[in-house]
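Engineer: Coordinates in input24.cif, mmCIF, C-alpha atoms, are listed below.
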```
data_start
loop_
_atom_site.group_PDB
_atom_site.id
_atom_site.type_symbol
_atom_site.label_atom_id
_atom_site.label_comp_id
_atom_site.auth_asym_id
_atom_site.auth_seq_id
_atom_site.Cartn_x
_atom_site.Cartn_y
_atom_site.Cartn_z
ATOM 1 C CA GLN A 108 0.000 0.000 0.000
ATOM 2 C CA THR A 109 1.658 3.247 -1.140
ATOM 3 C CA THR A 110 -1.251 5.590 -1.836
ATOM 4 C CA VAL A 111 -1.628 6.939 1.713
ATOM 5 C CA ILE A 112 1.855 8.266 2.484
ATOM 6 C CA GLY A 113 3.632 7.688 -0.821
ATOM 7 C CA ALA A 114 5.725 4.759 0.431
ATOM 8 C CA PRO A 115 5.120 1.150 1.499
ATOM 9 C CA PHE A 116 3.972 0.782 5.105
ATOM 10 C CA TYR A 117 2.112 -1.559 7.402
ATOM 11 C CA LEU A 118 -0.187 -1.131 10.377
ATOM 12 C CA MET A 119 0.413 -2.613 13.800
ATOM 13 C CA GLN A 120 -2.027 -3.213 16.617
ATOM 14 C CA ARG A 121 -0.977 -3.300 20.241
ATOM 15 C CA ILE A 122 -1.853 -6.590 21.904
ATOM 16 C CA ASN A 123 -1.945 -6.824 25.689
ATOM 17 C CA GLY A 124 -0.874 -10.209 26.939
ATOM 18 C CA VAL A 125 1.761 -12.356 28.605
ATOM 19 C CA ILE A 126 5.157 -13.161 27.059
ATOM 20 C CA LEU A 127 7.247 -16.039 28.400
ATOM 21 C CA ARG A 128 10.909 -15.087 28.525
ATOM 22 C CA ASN A 129 13.669 -16.882 30.427
ATOM 23 C CA GLN A 130 11.968 -16.383 33.808
ATOM 24 C CA PRO A 131 8.305 -17.000 34.723
ATOM 25 C CA PRO A 132 6.262 -13.774 34.653
ATOM 26 C CA GLU A 133 5.713 -12.240 38.074
ATOM 27 C CA GLY A 134 2.630 -13.563 39.783
ATOM 28 C CA ILE A 135 2.163 -16.523 37.427
ATOM 29 C CA ASP A 136 2.582 -20.102 38.636
ATOM 30 C CA LEU A 137 3.826 -22.116 35.683
ATOM 31 C CA SER A 138 2.840 -25.523 36.998
ATOM 32 C CA PRO A 139 3.939 -28.595 35.027
ATOM 33 C CA ALA A 140 0.359 -29.147 33.862
ATOM 34 C CA LEU A 141 -0.003 -25.555 32.652
ATOM 35 C CA LEU A 142 3.382 -25.484 30.934
ATOM 36 C CA ARG A 143 2.576 -28.703 29.115
ATOM 37 C CA GLN A 144 -0.603 -27.141 27.747
ATOM 38 C CA ILE A 145 1.275 -23.997 26.714
ATOM 39 C CA SER A 146 3.944 -26.035 24.932
ATOM 40 C CA GLU A 147 1.256 -28.047 23.155
ATOM 41 C CA ALA A 148 -0.500 -24.848 22.062
ATOM 42 C CA THR A 149 2.820 -23.488 20.824
ATOM 43 C CA VAL A 150 3.355 -26.500 18.577
ATOM 44 C CA ASP A 151 -0.262 -26.543 17.399
ATOM 45 C CA ASN A 152 -0.084 -22.871 16.451
ATOM 46 C CA LEU A 153 3.077 -23.430 14.395
ATOM 47 C CA ALA A 154 1.420 -26.345 12.574
ATOM 48 C CA GLN A 155 -1.580 -24.123 11.875
ATOM 49 C CA LEU A 156 0.682 -21.397 10.513
ATOM 50 C CA HIS A 157 2.341 -23.868 8.162
ATOM 51 C CA GLY A 158 -1.091 -25.030 7.023
ATOM 52 C CA LEU A 159 -1.979 -21.679 5.450
ATOM 53 C CA ASP A 160 -2.673 -21.906 1.716
ATOM 54 C CA VAL A 161 0.172 -19.802 0.319
ATOM 55 C CA GLU A 162 -1.406 -19.556 -3.126
ATOM 56 C CA GLN A 163 -4.915 -18.509 -2.112
ATOM 57 C CA THR A 164 -3.606 -16.010 0.449
ATOM 58 C CA GLY A 165 -1.090 -14.487 -1.950
ATOM 59 C CA LEU A 166 1.727 -15.261 0.481
ATOM 60 C CA LEU A 167 3.599 -17.200 -2.205
ATOM 61 C CA SER A 168 4.918 -13.900 -3.550
ATOM 62 C CA LEU A 169 6.945 -13.372 -0.354
ATOM 63 C CA GLY A 170 9.654 -15.865 -1.234
ATOM 64 C CA LYS A 171 11.290 -18.215 -3.704
ATOM 65 C CA PRO A 172 10.754 -21.738 -2.376
ATOM 66 C CA ASP A 173 12.791 -23.466 -5.097
ATOM 67 C CA GLY A 174 16.264 -24.105 -3.707
ATOM 68 C CA TYR A 175 15.360 -22.528 -0.366
ATOM 69 C CA VAL A 176 17.134 -25.088 1.817
ATOM 70 C CA GLN A 177 20.318 -25.008 -0.239
ATOM 71 C CA ARG A 178 20.408 -21.199 -0.175
ATOM 72 C CA GLN A 179 19.911 -21.123 3.578
ATOM 73 C CA VAL A 180 22.689 -23.617 4.219
ATOM 74 C CA THR A 181 25.106 -21.775 1.949
ATOM 75 C CA GLY A 182 24.165 -18.367 3.286
ATOM 76 C CA TRP A 183 24.482 -19.213 6.976
ATOM 77 C CA ILE A 184 27.835 -20.933 6.438
ATOM 78 C CA GLN A 185 29.109 -17.803 4.715
ATOM 79 C CA ARG A 186 27.817 -15.627 7.558
ATOM 80 C CA TYR A 187 29.651 -17.780 10.055
ATOM 81 C CA GLN A 188 32.902 -17.625 8.141
ATOM 82 C CA LYS A 189 32.705 -13.825 8.064
ATOM 83 C CA ALA A 190 31.989 -13.601 11.812
ATOM 84 C CA GLU A 191 34.348 -16.335 13.044
ATOM 85 C CA THR A 192 36.678 -15.243 15.836
ATOM 86 C CA ASP A 193 37.727 -18.503 17.492
ATOM 87 C CA ALA A 194 38.118 -22.062 16.255
ATOM 88 C CA ILE A 195 34.992 -24.016 17.240
ATOM 89 C CA PRO A 196 35.331 -27.594 15.942
ATOM 90 C CA ASP A 197 31.621 -28.420 16.269
ATOM 91 C CA MET A 198 30.573 -25.395 14.191
ATOM 92 C CA ASN A 199 33.106 -26.346 11.524
ATOM 93 C CA LEU A 200 31.866 -29.933 11.556
ATOM 94 C CA LEU A 201 28.270 -28.783 11.035
ATOM 95 C CA ALA A 202 29.376 -26.480 8.219
ATOM 96 C CA ARG A 203 30.977 -29.434 6.438
ATOM 97 C CA TRP A 204 28.160 -31.895 7.162
ATOM 98 C CA MET A 205 25.110 -29.844 6.156
ATOM 99 C CA PRO A 206 25.851 -29.281 2.423
ATOM 100 C CA GLU A 207 26.436 -33.013 1.998
ATOM 101 C CA ASN A 208 23.209 -34.060 3.738
ATOM 102 C CA ILE A 209 20.463 -31.760 2.419
ATOM 103 C CA PRO A 210 17.253 -33.828 2.118
ATOM 104 C CA GLN A 211 15.221 -33.855 -1.059
ATOM 105 C CA THR A 212 11.913 -32.108 -0.445
ATOM 106 C CA THR A 213 9.086 -30.324 -2.221
ATOM 107 C CA ASP A 214 7.099 -29.163 0.831
ATOM 108 C CA ILE A 215 6.639 -25.404 1.099
ATOM 109 C CA ALA A 216 4.860 -23.206 3.624
ATOM 110 C CA PHE A 217 4.689 -19.715 5.055
ATOM 111 C CA ILE A 218 7.369 -19.838 7.748
ATOM 112 C CA HIS A 219 8.173 -17.476 10.603
ATOM 113 C CA ASN A 220 11.901 -18.324 11.010
ATOM 114 C CA ASP A 221 12.162 -17.183 14.645
ATOM 115 C CA TYR A 222 9.236 -18.932 16.319
ATOM 116 C CA LYS A 223 9.779 -19.326 20.071
ATOM 117 C CA TYR A 224 8.181 -18.538 23.416
ATOM 118 C CA ASP A 225 9.325 -14.951 23.673
ATOM 119 C CA ASN A 226 7.809 -14.152 20.281
ATOM 120 C CA LEU A 227 4.358 -15.333 21.372
ATOM 121 C CA VAL A 228 1.716 -13.303 23.220
ATOM 122 C CA LEU A 229 -0.535 -15.346 25.507
ATOM 123 C CA ASN A 230 -4.031 -14.454 26.630
ATOM 124 C CA PRO A 231 -3.625 -13.233 30.248
ATOM 125 C CA ASN A 232 -6.996 -14.765 31.113
ATOM 126 C CA SER A 233 -6.179 -18.105 29.510
ATOM 127 C CA LEU A 234 -2.448 -18.708 29.133
ATOM 128 C CA THR A 235 -2.947 -21.690 26.858
ATOM 129 C CA GLN A 236 -4.331 -19.401 24.149
ATOM 130 C CA ILE A 237 -1.886 -17.683 21.783
ATOM 131 C CA ILE A 238 -3.344 -14.339 20.713
ATOM 132 C CA ALA A 239 -0.433 -12.942 18.696
ATOM 133 C CA VAL A 240 2.908 -13.860 17.144
ATOM 134 C CA LEU A 241 5.612 -11.191 17.061
ATOM 135 C CA ASP A 242 8.746 -10.416 15.016
ATOM 136 C CA TRP A 243 7.910 -11.358 11.446
ATOM 137 C CA GLU A 244 11.030 -9.777 9.935
ATOM 138 C CA MET A 245 12.436 -13.110 8.707
ATOM 139 C CA ALA A 246 9.134 -14.602 7.547
ATOM 140 C CA THR A 247 9.157 -16.039 4.037
ATOM 141 C CA ILE A 248 8.075 -18.977 1.931
ATOM 142 C CA GLY A 249 10.264 -22.012 2.464
ATOM 143 C CA HIS A 250 10.417 -25.528 3.797
ATOM 144 C CA PRO A 251 8.353 -25.884 7.000
ATOM 145 C CA LEU A 252 10.841 -28.191 8.743
ATOM 146 C CA MET A 253 13.490 -25.477 8.510
ATOM 147 C CA ASP A 254 11.160 -23.443 10.726
ATOM 148 C CA VAL A 255 10.567 -26.347 13.110
ATOM 149 C CA GLY A 256 14.291 -27.056 13.272
ATOM 150 C CA THR A 257 15.051 -23.520 14.418
ATOM 151 C CA THR A 258 12.220 -23.590 16.963
ATOM 152 C CA LEU A 259 13.452 -26.837 18.498
ATOM 153 C CA ALA A 260 17.062 -25.641 18.499
ATOM 154 C CA TYR A 261 15.867 -22.908 20.873
ATOM 155 C CA TRP A 262 13.888 -25.551 22.807
ATOM 156 C CA ALA A 263 16.338 -26.207 25.644
ATOM 157 C CA GLN A 264 16.001 -29.316 27.832
ATOM 158 C CA PRO A 265 17.302 -30.177 31.327
ATOM 159 C CA ASN A 266 20.059 -32.390 29.881
ATOM 160 C CA ASP A 267 21.468 -29.568 27.732
ATOM 161 C CA HIS A 268 24.476 -27.446 28.618
ATOM 162 C CA PRO A 269 23.595 -24.940 31.394
ATOM 163 C CA ALA A 270 24.345 -22.080 28.994
ATOM 164 C CA LEU A 271 21.339 -23.127 26.884
ATOM 165 C CA ILE A 272 18.832 -23.279 29.734
ATOM 166 C CA GLY A 273 18.521 -19.496 29.637
ATOM 167 C CA PHE A 274 17.075 -19.626 26.119
ATOM 168 C CA SER A 275 13.526 -20.072 27.384
ATOM 169 C CA LEU A 276 11.325 -21.897 29.873
ATOM 170 C CA THR A 277 11.195 -25.080 27.796
ATOM 171 C CA SER A 278 13.509 -26.909 30.220
ATOM 172 C CA ARG A 279 11.046 -26.586 33.103
ATOM 173 C CA PRO A 280 8.963 -29.567 34.317
ATOM 174 C CA GLY A 281 5.894 -30.320 32.246
ATOM 175 C CA ASN A 282 7.114 -28.791 28.995
ATOM 176 C CA LEU A 283 7.118 -31.091 25.978
ATOM 177 C CA THR A 284 10.525 -32.495 25.097
ATOM 178 C CA ARG A 285 11.924 -31.793 21.655
ATOM 179 C CA THR A 286 10.928 -35.257 20.470
ATOM 180 C CA GLU A 287 7.419 -34.902 21.921
ATOM 181 C CA ALA A 288 7.074 -31.509 20.260
ATOM 182 C CA LEU A 289 8.173 -32.933 16.899
ATOM 183 C CA GLN A 290 5.759 -35.848 17.216
ATOM 184 C CA ARG A 291 2.901 -33.489 18.029
ATOM 185 C CA TYR A 292 3.837 -31.248 15.109
ATOM 186 C CA ALA A 293 3.759 -34.229 12.742
ATOM 187 C CA GLN A 294 0.350 -35.231 14.067
ATOM 188 C CA LYS A 295 -1.168 -31.748 13.848
ATOM 189 C CA SER A 296 0.379 -30.709 10.524
ATOM 190 C CA GLY A 297 0.082 -34.022 8.701
ATOM 191 C CA LEU A 298 3.526 -33.374 7.222
ATOM 192 C CA PRO A 299 6.292 -35.997 7.116
ATOM 193 C CA VAL A 300 9.194 -35.270 9.457
ATOM 194 C CA HIS A 301 11.789 -37.536 7.839
ATOM 195 C CA ASP A 302 15.432 -36.464 8.035
ATOM 196 C CA PHE A 303 14.612 -34.129 10.900
ATOM 197 C CA VAL A 304 18.104 -34.426 12.378
ATOM 198 C CA PHE A 305 19.268 -32.324 9.426
ATOM 199 C CA TYR A 306 16.750 -29.568 10.144
ATOM 200 C CA TYR A 307 17.554 -29.592 13.844
ATOM 201 C CA ALA A 308 21.292 -29.457 13.146
ATOM 202 C CA PHE A 309 20.691 -26.549 10.780
ATOM 203 C CA GLY A 310 18.681 -24.763 13.478
ATOM 204 C CA CYS A 311 21.526 -25.216 15.950
ATOM 205 C CA PHE A 312 24.046 -23.898 13.442
ATOM 206 C CA LYS A 313 21.852 -20.917 12.555
ATOM 207 C CA ILE A 314 21.410 -19.883 16.188
ATOM 208 C CA GLY A 315 25.134 -20.407 16.723
ATOM 209 C CA VAL A 316 25.879 -18.036 13.861
ATOM 210 C CA ILE A 317 23.539 -15.380 15.250
ATOM 211 C CA CYS A 318 25.292 -15.555 18.623
ATOM 212 C CA GLN A 319 28.707 -15.567 16.935
ATOM 213 C CA GLN A 320 27.858 -12.444 14.948
ATOM 214 C CA ILE A 321 26.962 -10.591 18.145
ATOM 215 C CA TYR A 322 30.073 -11.884 19.911
ATOM 216 C CA ALA A 323 32.259 -10.786 16.986
ATOM 217 C CA ARG A 324 30.930 -7.230 17.312
ATOM 218 C CA TYR A 325 31.674 -7.338 21.045
ATOM 219 C CA LYS A 326 35.199 -8.670 20.525
ATOM 220 C CA LYS A 327 35.913 -5.913 17.993
ATOM 221 C CA GLY A 328 34.732 -3.290 20.466
ATOM 222 C CA LEU A 329 31.725 -2.299 18.387
ATOM 223 C CA THR A 330 29.480 -2.909 21.395
ATOM 224 C CA THR A 331 30.351 -2.911 25.083
ATOM 225 C CA ASP A 332 27.338 -4.694 26.529
ATOM 226 C CA PRO A 333 28.879 -7.072 29.124
ATOM 227 C CA ARG A 334 26.137 -9.650 28.467
ATOM 228 C CA PHE A 335 27.782 -10.416 25.123
ATOM 229 C CA ALA A 336 31.096 -11.438 26.682
ATOM 230 C CA THR A 337 29.965 -15.018 27.301
ATOM 231 C CA LEU A 338 28.230 -15.613 23.970
ATOM 232 C CA LEU A 339 31.096 -17.727 22.678
ATOM 233 C CA LEU A 340 30.192 -20.333 25.304
ATOM 234 C CA LEU A 341 26.649 -20.310 23.946
ATOM 235 C CA VAL A 342 27.909 -20.869 20.388
ATOM 236 C CA LYS A 343 29.913 -23.880 21.550
ATOM 237 C CA ALA A 344 26.974 -25.318 23.503
ATOM 238 C CA ILE A 345 24.405 -25.027 20.714
ATOM 239 C CA ALA A 346 26.874 -26.407 18.160
ATOM 240 C CA HIS A 347 27.477 -29.362 20.460
ATOM 241 C CA ASN A 348 23.740 -30.092 20.428
ATOM 242 C CA GLY A 349 23.757 -30.145 16.633
ATOM 243 C CA VAL A 350 26.759 -32.459 16.433
ATOM 244 C CA ARG A 351 25.318 -34.730 19.117
ATOM 245 C CA ALA A 352 22.152 -35.058 17.029
ATOM 246 C CA ILE A 353 23.891 -35.996 13.776
ATOM 247 C CA GLN A 354 26.108 -38.513 15.578
ATOM 248 C CA SER A 355 23.312 -40.145 17.576
ATOM 249 C CA GLY A 356 20.345 -39.691 15.244
ATOM 250 C CA TYR A 357 18.278 -38.172 18.067
ATOM 251 C CA ILE A 358 17.369 -34.570 18.897
ATOM 252 C CA ASP A 359 16.851 -35.080 22.657
#
```
Would you put the structure from the file into structure tokens?

Structural biologist:
Amino acid sequence: QTTVIGAPFYLMQRINGVILRNQPPEGIDLSPALLRQISEATVDNLAQLHGLDVEQTGLLSLGKPDGYVQRQVTGWIQRYQKAETDAIPDMNLLARWMPENIPQTTDIAFIHNDYKYDNLVLNPNSLTQIIAVLDWEMATIGHPLMDVGTTLAYWAQPNDHPALIGFSLTSRPGNLTRTEALQRYAQKSGLPVHDFVFYYAFGCFKIGVICQQIYARYKKGLTTDPRFATLLLLVKAIAHNGVRAIQSGYID
């Protein structure tokens, strides 16, 4: 729409609700039963998003699904190489492994690309109801399991490195495990989830690159935020999860 102000724009609506970050919101008891329901709703909502008809809605024009996975793998490897500051064997292993193990697929969907708890707004009167999804800057048309892989790479579990637990509340009692979340996604979406270790490993690598890019800016003195000083540990931990998955065949 350009006729109103002479340039493309979009409208936003403020939504009042609850956002789950790395600590439970004040005054809210996230019991195991409640967190399980929230995690189930989170997966169901992602499956519903991927079920949108991209042709009828006109969303197909947002991206180029042909070759999407290959482009993403190549692009994120290049980003890592440009931001690399320290030798991290697991990141290098993932960078070598991914191009040689890209699954053949024709599935396409409207994908968010950063779908996680702190990008969801929950109904304050019914926390199991998602009333908004935030941060659509990376949304496009691509393979749905690339989206799921990134989501579950953020989905920390109690057996993960302590550095990853701060990602979200997914490691708390009651929350679906990564495998349970994937199984529920397959059930709700009706999509095959073959070769998911690849998509999970890609998600781990992608998040590792994002953290590495921020750490590289910190190491060069371009930002002085002390929170960024430990990001290299996070890169190593998330890369370890990806390597562990490709070596074991399991994402938990």

Engineer: For the structure shown, which residues end up in the PyMOL selection byres ((chain A and resi 320-333) around 12)? Put them as a list of chain:residue names, please?

Structural biologist: A:Trp183, A:Gln185, A:Arg186, A:Tyr187, A:Gln188, A:Lys189, A:Ala190, A:Glu191, A:Thr192, A:Asp193, A:Lys313, A:Ile314, A:Gly315, A:Val316, A:Ile317, A:Cys318, A:Gln319, A:Arg334, A:Phe335, A:Ala336, A:Thr337, A:Leu338, A:Leu339, A:Leu340, A:Leu341, A:Val342

Engineer: Which of these residues is nearest to Arg128 of chain A, using all atoms listed in the file: A:Leu227, A:Leu169, A:Leu159, A:Ile218?

Structural biologist: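 Selected residue with least distance to Arg128 of chain A: A:Leu227.
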
Engineer: So the first atom is atom CA of Arg203 of chain A and the second is atom CA of Thr286 of chain A; what is the distance between them in Å, to one decimal place?

Structural biologist: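 Interatomic distance here is 25.2 Å.
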
Engineer: What is the atom CA of Leu252 of chain A-atom CA of Gln155 of chain A distance in Å, reported with one decimal?

Structural biologist: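 Those two atoms sit 13.4 Å apart.
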
Engineer: Take atom CA of Leu118 of chain A and atom CA of Ala148 of chain A and report the distance between them in Å, one decimal.

Structural biologist: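 Atom-to-atom, atom CA of Leu118 of chain A and atom CA of Ala148 of chain A are spaced 26.4 Å apart.
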
Engineer: Using the atoms already present, construct N, CA and C atoms for segment 154-189 of chain A and hand them back as a compact mmCIF listing (two decimals), in the frame of the given file.

Structural biologist:
```txt
# COMPACT_ATOMS: atom_id res chain seq x y z
N ALA A 154 1.98 -25.45 13.60
CA ALA A 154 1.42 -26.34 12.57
C ALA A 154 0.31 -25.64 11.81
N GLN A 155 -0.50 -24.87 12.53
CA GLN A 155 -1.58 -24.12 11.88
C GLN A 155 -1.02 -23.06 10.93
N LEU A 156 0.03 -22.39 11.37
CA LEU A 156 0.68 -21.40 10.51
C LEU A 156 1.19 -22.03 9.22
N HIS A 157 1.80 -23.19 9.34
CA HIS A 157 2.34 -23.87 8.16
C HIS A 157 1.24 -24.43 7.27
N GLY A 158 0.03 -24.52 7.81
CA GLY A 158 -1.09 -25.03 7.02
C GLY A 158 -1.78 -23.99 6.17
N LEU A 159 -1.37 -22.72 6.27
CA LEU A 159 -1.98 -21.68 5.45
C LEU A 159 -1.77 -21.97 3.96
N ASP A 160 -2.77 -21.71 3.16
CA ASP A 160 -2.67 -21.91 1.72
C ASP A 160 -1.92 -20.72 1.13
N VAL A 161 -0.67 -20.92 0.75
CA VAL A 161 0.17 -19.80 0.32
C VAL A 161 -0.26 -19.24 -1.04
N GLU A 162 -0.96 -20.04 -1.82
CA GLU A 162 -1.41 -19.56 -3.13
C GLU A 162 -2.68 -18.72 -2.98
N GLN A 163 -3.66 -19.24 -2.26
CA GLN A 163 -4.92 -18.51 -2.11
C GLN A 163 -4.73 -17.21 -1.34
N THR A 164 -3.83 -17.20 -0.37
CA THR A 164 -3.61 -16.01 0.45
C THR A 164 -2.71 -14.99 -0.23
N GLY A 165 -2.03 -15.38 -1.29
CA GLY A 165 -1.09 -14.49 -1.95
C GLY A 165 0.28 -14.45 -1.30
N LEU A 166 0.46 -15.26 -0.24
CA LEU A 166 1.73 -15.26 0.48
C LEU A 166 2.88 -15.83 -0.35
N LEU A 167 2.55 -16.57 -1.39
CA LEU A 167 3.60 -17.20 -2.20
C LEU A 167 4.56 -16.17 -2.77
N SER A 168 4.08 -14.94 -2.96
CA SER A 168 4.92 -13.90 -3.55
C SER A 168 6.01 -13.41 -2.60
N LEU A 169 5.97 -13.84 -1.34
CA LEU A 169 6.94 -13.37 -0.35
C LEU A 169 8.31 -14.05 -0.48
N GLY A 170 8.38 -15.16 -1.18
CA GLY A 170 9.65 -15.86 -1.23
C GLY A 170 9.82 -16.68 -2.49
N LYS A 171 10.97 -17.33 -2.59
CA LYS A 171 11.29 -18.22 -3.70
C LYS A 171 11.59 -19.60 -3.13
N PRO A 172 10.56 -20.45 -3.05
CA PRO A 172 10.75 -21.74 -2.38
C PRO A 172 11.72 -22.69 -3.07
N ASP A 173 11.86 -22.58 -4.39
CA ASP A 173 12.79 -23.47 -5.10
C ASP A 173 14.22 -23.20 -4.63
N GLY A 174 14.88 -24.24 -4.15
CA GLY A 174 16.26 -24.10 -3.71
C GLY A 174 16.41 -23.41 -2.37
N TYR A 175 15.31 -23.28 -1.62
CA TYR A 175 15.36 -22.53 -0.37
C TYR A 175 16.35 -23.14 0.62
N VAL A 176 16.28 -24.45 0.82
CA VAL A 176 17.13 -25.09 1.82
C VAL A 176 18.60 -24.92 1.45
N GLN A 177 18.93 -25.15 0.21
CA GLN A 177 20.32 -25.01 -0.24
C GLN A 177 20.82 -23.58 -0.01
N ARG A 178 19.99 -22.60 -0.35
CA ARG A 178 20.41 -21.20 -0.18
C ARG A 178 20.63 -20.87 1.29
N GLN A 179 19.77 -21.40 2.16
CA GLN A 179 19.91 -21.12 3.58
C GLN A 179 21.20 -21.73 4.13
N VAL A 180 21.46 -22.96 3.75
CA VAL A 180 22.69 -23.62 4.22
C VAL A 180 23.92 -22.84 3.77
N THR A 181 23.96 -22.51 2.49
CA THR A 181 25.11 -21.78 1.95
C THR A 181 25.25 -20.41 2.61
N GLY A 182 24.13 -19.72 2.74
CA GLY A 182 24.16 -18.37 3.29
C GLY A 182 24.61 -18.31 4.74
N TRP A 183 24.11 -19.24 5.56
CA TRP A 183 24.48 -19.21 6.98
C TRP A 183 25.92 -19.68 7.19
N ILE A 184 26.42 -20.56 6.35
CA ILE A 184 27.84 -20.93 6.44
C ILE A 184 28.71 -19.73 6.10
N GLN A 185 28.33 -18.99 5.09
CA GLN A 185 29.11 -17.80 4.72
C GLN A 185 29.08 -16.75 5.83
N ARG A 186 27.92 -16.59 6.45
CA ARG A 186 27.82 -15.63 7.56
C ARG A 186 28.74 -16.03 8.71
N TYR A 187 28.79 -17.33 8.97
CA TYR A 187 29.65 -17.78 10.06
C TYR A 187 31.12 -17.52 9.73
N GLN A 188 31.51 -17.82 8.53
CA GLN A 188 32.90 -17.62 8.14
C GLN A 188 33.31 -16.16 8.26
N LYS A 189 32.40 -15.26 7.97
CA LYS A 189 32.70 -13.82 8.06
C LYS A 189 32.79 -13.36 9.52
```
